[in-house]
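The block underneath contains the structure these notes are about, expressed in structure tokens.
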Amino acid sequence: MAGAPQENTLLHLFAGGCGGTVGAIFTCPLEVIKTRLQSSKLAFRAVYYPHVQLGTISGEGMVRPTSVSPGLFRVLKSILEKEGPRSLFRGLGPNLVGVAPSSNIVHVCSAGSAAFITNSLMNPIWMVKTRMQLERKVRGSKPMNALQCARYVYQTEGIRGFYRGLTASYAGISETIICFAIYESLKKHLKEVQLPPSPTNGTERNSTNFFGLMFAAAVSKGCASCIAYPHEVIRTRLREEGTKYKTLIQTARLVAREEGYLAFYRGLFAQLIRQIPNTAIVLSTYELIVYLLEDHAK
């Protein structure tokens with residue numbers, strides 16, 4: 001009996017890791033598109049049009065570029081035409097390596113602490129993933145794998161290169177805290193309105209609970225993403241190769257001055273439509289594995 005709590009914890013950790021793995025595989029193309037949209041290289045390439053802004057303080061005309069961010073489907077089409085379908089899964093390997101440590105469901109305070117530790121340990125992996133997703137190769141050419149990318153980062157930037165964007169990741173802990181705060185609140189309300197158990201409605205009650213939790217997770221993650229999304233754009237900019245972005249505050253000021261405040265939300269649509277199916281896939285896989293293993297144990 002003493003080993004039961006430990007076995008239960010391992011079961012849920014295993015199920016959460018499997019759910020996160022399946023979700024990462026199915027939604028990887030959307031994450032690649034989101035990362036490309038966040039990049040400054042996309043903003044300044046072929047979609048940048050100058051216009052003259054008059055009436056400046058000095059009285060002189062000033063040319064200021066105005067960015068027109070391409071949409072999700074335009075970026076998808078460009079990747080498929082120029083790089084091929086395999087590029088939509090760039091960075092999947094590092095993503096799978098890093099998904100398990102962040103899959104356990106915890107309460108708000110624990111989530112913040114866990115996110116801090118996870119970000120500190122996993123930043124080198126996320127750094128390699130982002131670089132792989134930003135790498136543009138002509139169709140048919142062989143892109144770098146994870147080990148080659150890591151070796152290149154080390155040779156060009158040293159150990160410090162693996163920790164670029166870490167401050168932005170720490171700022172992103174607020175997203176985790178907001179997400180779990182909303183999730184726990186919604187889950188509490190769901191328990192208050194759930195159907196009472198009875199032999200005739202047991203299956204209906206389980207289905208209601210399952211889809212209710214899926215809805216709560218999707219809503220909480222969606223709200224948290226919208227509120228804390230700018231940190232992701234800043235983090236991607238900090239991880240770019242040969243970038244002019246150096247620190248979190250300097251990057252935020254530079255992006256706001258050169259591209260406007262809307263630039264902090266580039267790729268948000270891709271992020272949101274990625275999170276909805278990802279949440280559904282992760283929870284469905286998690287619940288299925290827990291159900292099968294617990295049923296087998298009986």
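Following the order of the structure tokens, chains are lettered A, B, ..., residues in each are numbered from 1, and ligands are numbered from 1.
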Residues of segment 144-229 of chain A in alpha helix (DSSP H), written as a PyMOL selection string: chain A and resi 146-157+166-171+173-193+202-228
Could you turn the residues from that selection into a file that holds C-alpha atoms, as a short mmCIF file (atom, residue, chain, number, x, y, z; two decimals), in the first residue's frame?
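Output contents, as saved in out.cif:
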```cif
data_model
loop_
_atom_site.label_atom_id
_atom_site.label_comp_id
_atom_site.auth_asym_id
_atom_site.auth_seq_id
_atom_site.Cartn_x
_atom_site.Cartn_y
_atom_site.Cartn_z
CA ALA A 146 19.83 18.97 -33.50
CA LEU A 147 23.41 17.94 -32.69
CA GLN A 148 24.86 19.88 -35.63
CA CYS A 149 22.86 22.94 -34.63
CA ALA A 150 24.02 22.67 -31.01
CA ARG A 151 27.64 22.32 -32.14
CA TYR A 152 27.30 25.37 -34.38
CA VAL A 153 25.82 27.48 -31.55
CA TYR A 154 28.67 26.44 -29.25
CA GLN A 155 31.35 27.18 -31.87
CA THR A 156 29.96 30.62 -32.77
CA GLU A 157 28.60 31.86 -29.44
CA LEU A 166 16.27 32.93 -20.83
CA THR A 167 15.13 36.24 -19.30
CA ALA A 168 12.15 36.28 -21.66
CA SER A 169 11.36 32.71 -20.61
CA TYR A 170 11.37 33.81 -16.98
CA ALA A 171 8.95 36.60 -17.92
CA ILE A 173 6.30 32.23 -16.15
CA SER A 174 3.46 34.69 -15.76
CA GLU A 175 1.64 32.80 -18.53
CA THR A 176 1.91 29.55 -16.58
CA ILE A 177 0.63 31.19 -13.38
CA ILE A 178 -2.28 32.89 -15.18
CA CYS A 179 -3.16 29.67 -16.99
CA PHE A 180 -3.34 27.56 -13.83
CA ALA A 181 -5.13 30.26 -11.86
CA ILE A 182 -7.91 30.37 -14.48
CA TYR A 183 -7.90 26.58 -14.89
CA GLU A 184 -8.26 25.88 -11.18
CA SER A 185 -11.09 28.43 -10.94
CA LEU A 186 -12.97 26.90 -13.90
CA LYS A 187 -12.39 23.39 -12.58
CA LYS A 188 -13.87 24.40 -9.24
CA HIS A 189 -17.00 25.73 -10.96
CA LEU A 190 -17.27 22.55 -13.03
CA LYS A 191 -17.28 20.42 -9.86
CA GLU A 192 -20.09 22.53 -8.46
CA VAL A 193 -22.33 22.03 -11.50
CA GLY A 202 -22.40 7.46 -14.90
CA THR A 203 -21.16 7.45 -18.50
CA GLU A 204 -22.80 10.81 -19.19
CA ARG A 205 -21.23 12.31 -16.07
CA ASN A 206 -17.74 11.06 -17.05
CA SER A 207 -18.15 12.49 -20.56
CA THR A 208 -19.32 15.81 -19.15
CA ASN A 209 -16.35 15.96 -16.79
CA PHE A 210 -13.90 15.06 -19.56
CA PHE A 211 -15.13 17.63 -22.08
CA GLY A 212 -15.56 20.18 -19.32
CA LEU A 213 -11.89 19.83 -18.34
CA MET A 214 -10.87 20.08 -22.00
CA PHE A 215 -12.88 23.29 -22.31
CA ALA A 216 -11.41 24.68 -19.07
CA ALA A 217 -7.86 23.92 -20.21
CA ALA A 218 -8.43 25.45 -23.66
CA VAL A 219 -9.98 28.63 -22.24
CA SER A 220 -7.33 29.09 -19.55
CA LYS A 221 -4.46 28.53 -21.97
CA GLY A 222 -6.03 30.80 -24.57
CA CYS A 223 -6.50 33.65 -22.09
CA ALA A 224 -2.99 33.24 -20.67
CA SER A 225 -1.46 33.17 -24.17
CA CYS A 226 -3.19 36.40 -25.18
CA ILE A 227 -2.07 38.18 -22.02
CA ALA A 228 1.56 37.00 -21.92
#
```
All residues 9 Å or closer to Lys246 of chain A, only C-alpha atoms, same chain fewer than 5 positions away omitted, as a CSV table (one decimal) with all heavy atoms, in the first residue's frame:
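That gives us around-v2.csv:
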```csv
chain,number,residue,atom,x,y,z
A,164,ARG,N,20.5,32.3,-24.5
A,164,ARG,CA,19.8,33.5,-25.0
A,164,ARG,C,18.3,33.3,-24.9
A,164,ARG,O,17.8,32.2,-25.2
A,164,ARG,CB,20.3,33.7,-26.5
A,164,ARG,CG,21.7,34.0,-26.6
A,164,ARG,CD,22.2,34.2,-28.0
A,164,ARG,NE,21.5,35.3,-28.6
A,164,ARG,CZ,21.8,35.8,-29.8
A,164,ARG,NH1,22.7,35.3,-30.5
A,164,ARG,NH2,21.1,36.8,-30.3
A,238,LEU,N,15.5,37.3,-29.4
A,238,LEU,CA,16.8,37.1,-28.7
A,238,LEU,C,17.6,35.9,-29.2
A,238,LEU,O,18.8,35.8,-29.1
A,238,LEU,CB,16.5,37.1,-27.2
A,238,LEU,CG,16.1,38.4,-26.5
A,238,LEU,CD1,15.6,38.1,-25.1
A,238,LEU,CD2,17.3,39.3,-26.5
A,251,THR,N,15.3,44.8,-26.3
A,251,THR,CA,14.5,44.2,-27.4
A,251,THR,C,13.1,44.7,-27.5
A,251,THR,O,12.6,45.0,-28.6
A,251,THR,CB,14.5,42.6,-27.3
A,251,THR,OG1,15.8,42.1,-27.3
A,251,THR,CG2,13.7,42.0,-28.4
```
For Gly71 of chain A: contacts at 10 Å, only C-alpha atoms, fewer than 4 positions along chain excluded, given as a VMD selection string: chain A and resid 33 37 75 to 76 266 to 267 269 to 270
Preceding selection exported with N, CA and C atoms as a compact mmCIF listing (two decimals), in the first residue's frame:
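To be explicit, this is the file written out as again17.txt:
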```txt
# COMPACT_ATOMS: atom_id res chain seq x y z
N ILE A 33 5.45 27.63 -37.92
CA ILE A 33 4.87 28.82 -38.54
C ILE A 33 4.83 29.97 -37.55
N LEU A 37 6.74 33.59 -37.87
CA LEU A 37 6.00 34.85 -37.80
C LEU A 37 6.57 35.79 -36.74
N VAL A 75 2.64 32.08 -45.02
CA VAL A 75 3.90 31.51 -44.53
C VAL A 75 3.92 30.00 -44.77
N LEU A 76 2.80 29.34 -44.54
CA LEU A 76 2.71 27.89 -44.79
C LEU A 76 3.00 27.58 -46.25
N ARG A 266 2.68 39.15 -33.33
CA ARG A 266 2.86 38.38 -34.55
C ARG A 266 2.87 36.89 -34.22
N GLY A 267 2.07 36.13 -34.96
CA GLY A 267 2.00 34.69 -34.74
C GLY A 267 1.01 34.27 -33.69
N PHE A 269 -2.26 34.25 -33.76
CA PHE A 269 -3.32 33.42 -34.33
C PHE A 269 -2.86 31.97 -34.48
N ALA A 270 -1.65 31.80 -34.98
CA ALA A 270 -1.09 30.45 -35.12
C ALA A 270 -0.93 29.79 -33.75
```
Polymer residues at most 9 Å from Glu232 of chain A, only C-alpha atoms, same-chain spacing of 4 or more positions, as an MDAnalysis selection string: chainID A and resid 35 38 168:169 172 228 236:237 264:265
Near Lys142 of chain A, counting only C-alpha atoms, which residues have an atom at most 12 Å away, once you skip same-chain residues fewer than 3 positions from it, shown as a PDB file with all heavy atoms, in the first residue's frame?
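The resulting file, out_22.pdb, is shown below:
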```pdb
ATOM      1  N   GLU A  83      10.864  25.094 -49.189  1.00  0.00           N
ATOM      2  CA  GLU A  83      11.651  24.212 -48.327  1.00  0.00           C
ATOM      3  C   GLU A  83      11.145  22.786 -48.250  1.00  0.00           C
ATOM      4  O   GLU A  83      11.860  21.897 -47.808  1.00  0.00           O
ATOM      5  CB  GLU A  83      11.703  24.809 -46.904  1.00  0.00           C
ATOM      6  CG  GLU A  83      12.229  26.234 -46.868  1.00  0.00           C
ATOM      7  CD  GLU A  83      12.168  26.834 -45.476  1.00  0.00           C
ATOM      8  OE1 GLU A  83      12.614  26.168 -44.527  1.00  0.00           O
ATOM      9  OE2 GLU A  83      11.649  27.968 -45.331  1.00  0.00           O
ATOM     10  N   GLY A  84       9.876  22.574 -48.620  1.00  0.00           N
ATOM     11  CA  GLY A  84       9.322  21.232 -48.579  1.00  0.00           C
ATOM     12  C   GLY A  84       8.598  20.938 -47.275  1.00  0.00           C
ATOM     13  O   GLY A  84       8.794  21.622 -46.269  1.00  0.00           O
ATOM     14  N   ARG A  86       8.919  18.657 -45.031  1.00  0.00           N
ATOM     15  CA  ARG A  86       9.707  18.240 -43.866  1.00  0.00           C
ATOM     16  C   ARG A  86      10.115  19.427 -42.993  1.00  0.00           C
ATOM     17  O   ARG A  86      10.333  19.276 -41.785  1.00  0.00           O
ATOM     18  CB  ARG A  86      10.959  17.492 -44.315  1.00  0.00           C
ATOM     19  CG  ARG A  86      10.670  16.143 -44.968  1.00  0.00           C
ATOM     20  CD  ARG A  86      11.940  15.374 -45.282  1.00  0.00           C
ATOM     21  NE  ARG A  86      12.700  15.058 -44.084  1.00  0.00           N
ATOM     22  CZ  ARG A  86      13.861  14.421 -44.089  1.00  0.00           C
ATOM     23  NH1 ARG A  86      14.405  14.046 -45.249  1.00  0.00           N
ATOM     24  NH2 ARG A  86      14.489  14.161 -42.968  1.00  0.00           N
ATOM     25  N   SER A  87      10.188  20.619 -43.586  1.00  0.00           N
ATOM     26  CA  SER A  87      10.572  21.803 -42.813  1.00  0.00           C
ATOM     27  C   SER A  87       9.525  22.180 -41.783  1.00  0.00           C
ATOM     28  O   SER A  87       9.819  22.925 -40.842  1.00  0.00           O
ATOM     29  CB  SER A  87      10.820  22.985 -43.759  1.00  0.00           C
ATOM     30  OG  SER A  87      12.003  22.782 -44.510  1.00  0.00           O
ATOM     31  N   ARG A  90      10.656  20.980 -38.327  1.00  0.00           N
ATOM     32  CA  ARG A  90      11.963  21.375 -37.829  1.00  0.00           C
ATOM     33  C   ARG A  90      11.885  21.608 -36.325  1.00  0.00           C
ATOM     34  O   ARG A  90      10.965  22.244 -35.819  1.00  0.00           O
ATOM     35  CB  ARG A  90      12.434  22.662 -38.518  1.00  0.00           C
ATOM     36  CG  ARG A  90      12.559  22.560 -40.014  1.00  0.00           C
ATOM     37  CD  ARG A  90      13.797  21.805 -40.426  1.00  0.00           C
ATOM     38  NE  ARG A  90      14.984  22.523 -40.056  1.00  0.00           N
ATOM     39  CZ  ARG A  90      16.128  21.953 -39.679  1.00  0.00           C
ATOM     40  NH1 ARG A  90      16.191  20.641 -39.596  1.00  0.00           N
ATOM     41  NH2 ARG A  90      17.184  22.674 -39.384  1.00  0.00           N
ATOM     42  N   GLU A 135      15.788  28.226 -39.360  1.00  0.00           N
ATOM     43  CA  GLU A 135      16.710  27.947 -40.458  1.00  0.00           C
ATOM     44  C   GLU A 135      15.945  27.773 -41.763  1.00  0.00           C
ATOM     45  O   GLU A 135      15.017  26.974 -41.863  1.00  0.00           O
ATOM     46  CB  GLU A 135      17.521  26.679 -40.156  1.00  0.00           C
ATOM     47  CG  GLU A 135      18.560  26.374 -41.227  1.00  0.00           C
ATOM     48  CD  GLU A 135      19.275  25.055 -40.977  1.00  0.00           C
ATOM     49  OE1 GLU A 135      18.755  24.244 -40.180  1.00  0.00           O
ATOM     50  OE2 GLU A 135      20.330  24.829 -41.577  1.00  0.00           O
ATOM     51  N   ARG A 136      16.347  28.523 -42.767  1.00  0.00           N
ATOM     52  CA  ARG A 136      15.718  28.436 -44.082  1.00  0.00           C
ATOM     53  C   ARG A 136      16.656  27.735 -45.053  1.00  0.00           C
ATOM     54  O   ARG A 136      17.772  28.186 -45.269  1.00  0.00           O
ATOM     55  CB  ARG A 136      15.360  29.829 -44.597  1.00  0.00           C
ATOM     56  CG  ARG A 136      14.224  30.482 -43.834  1.00  0.00           C
ATOM     57  CD  ARG A 136      14.074  31.944 -44.225  1.00  0.00           C
ATOM     58  NE  ARG A 136      12.868  32.527 -43.682  1.00  0.00           N
ATOM     59  CZ  ARG A 136      12.746  33.003 -42.454  1.00  0.00           C
ATOM     60  NH1 ARG A 136      13.778  32.933 -41.641  1.00  0.00           N
ATOM     61  NH2 ARG A 136      11.620  33.523 -42.024  1.00  0.00           N
ATOM     62  N   LYS A 137      16.197  26.649 -45.638  1.00  0.00           N
ATOM     63  CA  LYS A 137      16.981  25.884 -46.598  1.00  0.00           C
ATOM     64  C   LYS A 137      16.199  25.721 -47.892  1.00  0.00           C
ATOM     65  O   LYS A 137      14.975  25.596 -47.883  1.00  0.00           O
ATOM     66  CB  LYS A 137      17.323  24.495 -46.026  1.00  0.00           C
ATOM     67  CG  LYS A 137      18.333  24.517 -44.887  1.00  0.00           C
ATOM     68  CD  LYS A 137      19.714  24.903 -45.391  1.00  0.00           C
ATOM     69  CE  LYS A 137      20.745  24.827 -44.270  1.00  0.00           C
ATOM     70  NZ  LYS A 137      22.098  25.186 -44.724  1.00  0.00           N
ATOM     71  N   VAL A 138      16.937  25.726 -49.001  1.00  0.00           N
ATOM     72  CA  VAL A 138      16.302  25.490 -50.287  1.00  0.00           C
ATOM     73  C   VAL A 138      15.836  24.047 -50.337  1.00  0.00           C
ATOM     74  O   VAL A 138      16.493  23.140 -49.804  1.00  0.00           O
ATOM     75  CB  VAL A 138      17.294  25.787 -51.434  1.00  0.00           C
ATOM     76  CG1 VAL A 138      16.646  25.523 -52.793  1.00  0.00           C
ATOM     77  CG2 VAL A 138      17.793  27.226 -51.344  1.00  0.00           C
ATOM     78  N   ARG A 139      14.689  23.813 -50.983  1.00  0.00           N
ATOM     79  CA  ARG A 139      14.145  22.463 -51.091  1.00  0.00           C
ATOM     80  C   ARG A 139      15.196  21.505 -51.667  1.00  0.00           C
ATOM     81  O   ARG A 139      15.828  21.794 -52.690  1.00  0.00           O
ATOM     82  CB  ARG A 139      12.918  22.466 -52.006  1.00  0.00           C
ATOM     83  CG  ARG A 139      12.270  21.094 -52.166  1.00  0.00           C
ATOM     84  CD  ARG A 139      11.243  21.127 -53.283  1.00  0.00           C
ATOM     85  NE  ARG A 139      10.039  21.831 -52.882  1.00  0.00           N
ATOM     86  CZ  ARG A 139       8.969  21.234 -52.372  1.00  0.00           C
ATOM     87  NH1 ARG A 139       8.966  19.916 -52.203  1.00  0.00           N
ATOM     88  NH2 ARG A 139       7.906  21.935 -52.037  1.00  0.00           N
ATOM     89  N   ASN A 145      20.826  18.923 -38.239  1.00  0.00           N
ATOM     90  CA  ASN A 145      20.045  18.234 -37.220  1.00  0.00           C
ATOM     91  C   ASN A 145      20.326  18.890 -35.871  1.00  0.00           C
ATOM     92  O   ASN A 145      21.075  19.867 -35.780  1.00  0.00           O
ATOM     93  CB  ASN A 145      20.365  16.736 -37.192  1.00  0.00           C
ATOM     94  CG  ASN A 145      21.846  16.452 -36.944  1.00  0.00           C
ATOM     95  OD1 ASN A 145      22.508  17.149 -36.183  1.00  0.00           O
ATOM     96  ND2 ASN A 145      22.367  15.415 -37.589  1.00  0.00           N
ATOM     97  N   GLN A 148      24.096  18.954 -34.809  1.00  0.00           N
ATOM     98  CA  GLN A 148      24.863  19.880 -35.631  1.00  0.00           C
ATOM     99  C   GLN A 148      24.543  21.327 -35.275  1.00  0.00           C
ATOM    100  O   GLN A 148      25.432  22.174 -35.222  1.00  0.00           O
ATOM    101  CB  GLN A 148      24.570  19.625 -37.114  1.00  0.00           C
ATOM    102  CG  GLN A 148      25.122  18.307 -37.633  1.00  0.00           C
ATOM    103  CD  GLN A 148      24.629  17.986 -39.032  1.00  0.00           C
ATOM    104  OE1 GLN A 148      23.552  18.426 -39.448  1.00  0.00           O
ATOM    105  NE2 GLN A 148      25.420  17.221 -39.773  1.00  0.00           N
TER     106      GLN A 148
END
```
Computed interatomic separation between atom CA of Pro70 of chain A and atom CA of Thr247 of chain A (Å): 26.3 Å
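With only C-alpha atoms as the atoms that count, the minimum distance from Pro85 of chain A to the choices A:Pro29, A:Leu72, A:Gly19, A:Thr279 is reached by A:Pro29.
The nearest approach to Cys28 of chain A among the residues A:Arg235, A:Lys129, A:Arg253, A:Lys82, with only C-alpha atoms taken into account, belongs to A:Lys129.
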Closest of A:Trp126, A:Tyr291, A:Tyr286, A:Tyr245 to Gly20 of chain A - atom-to-atom distances counting only C-alpha atoms: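 Closest residue, counting only C-alpha atoms: A:Tyr286.
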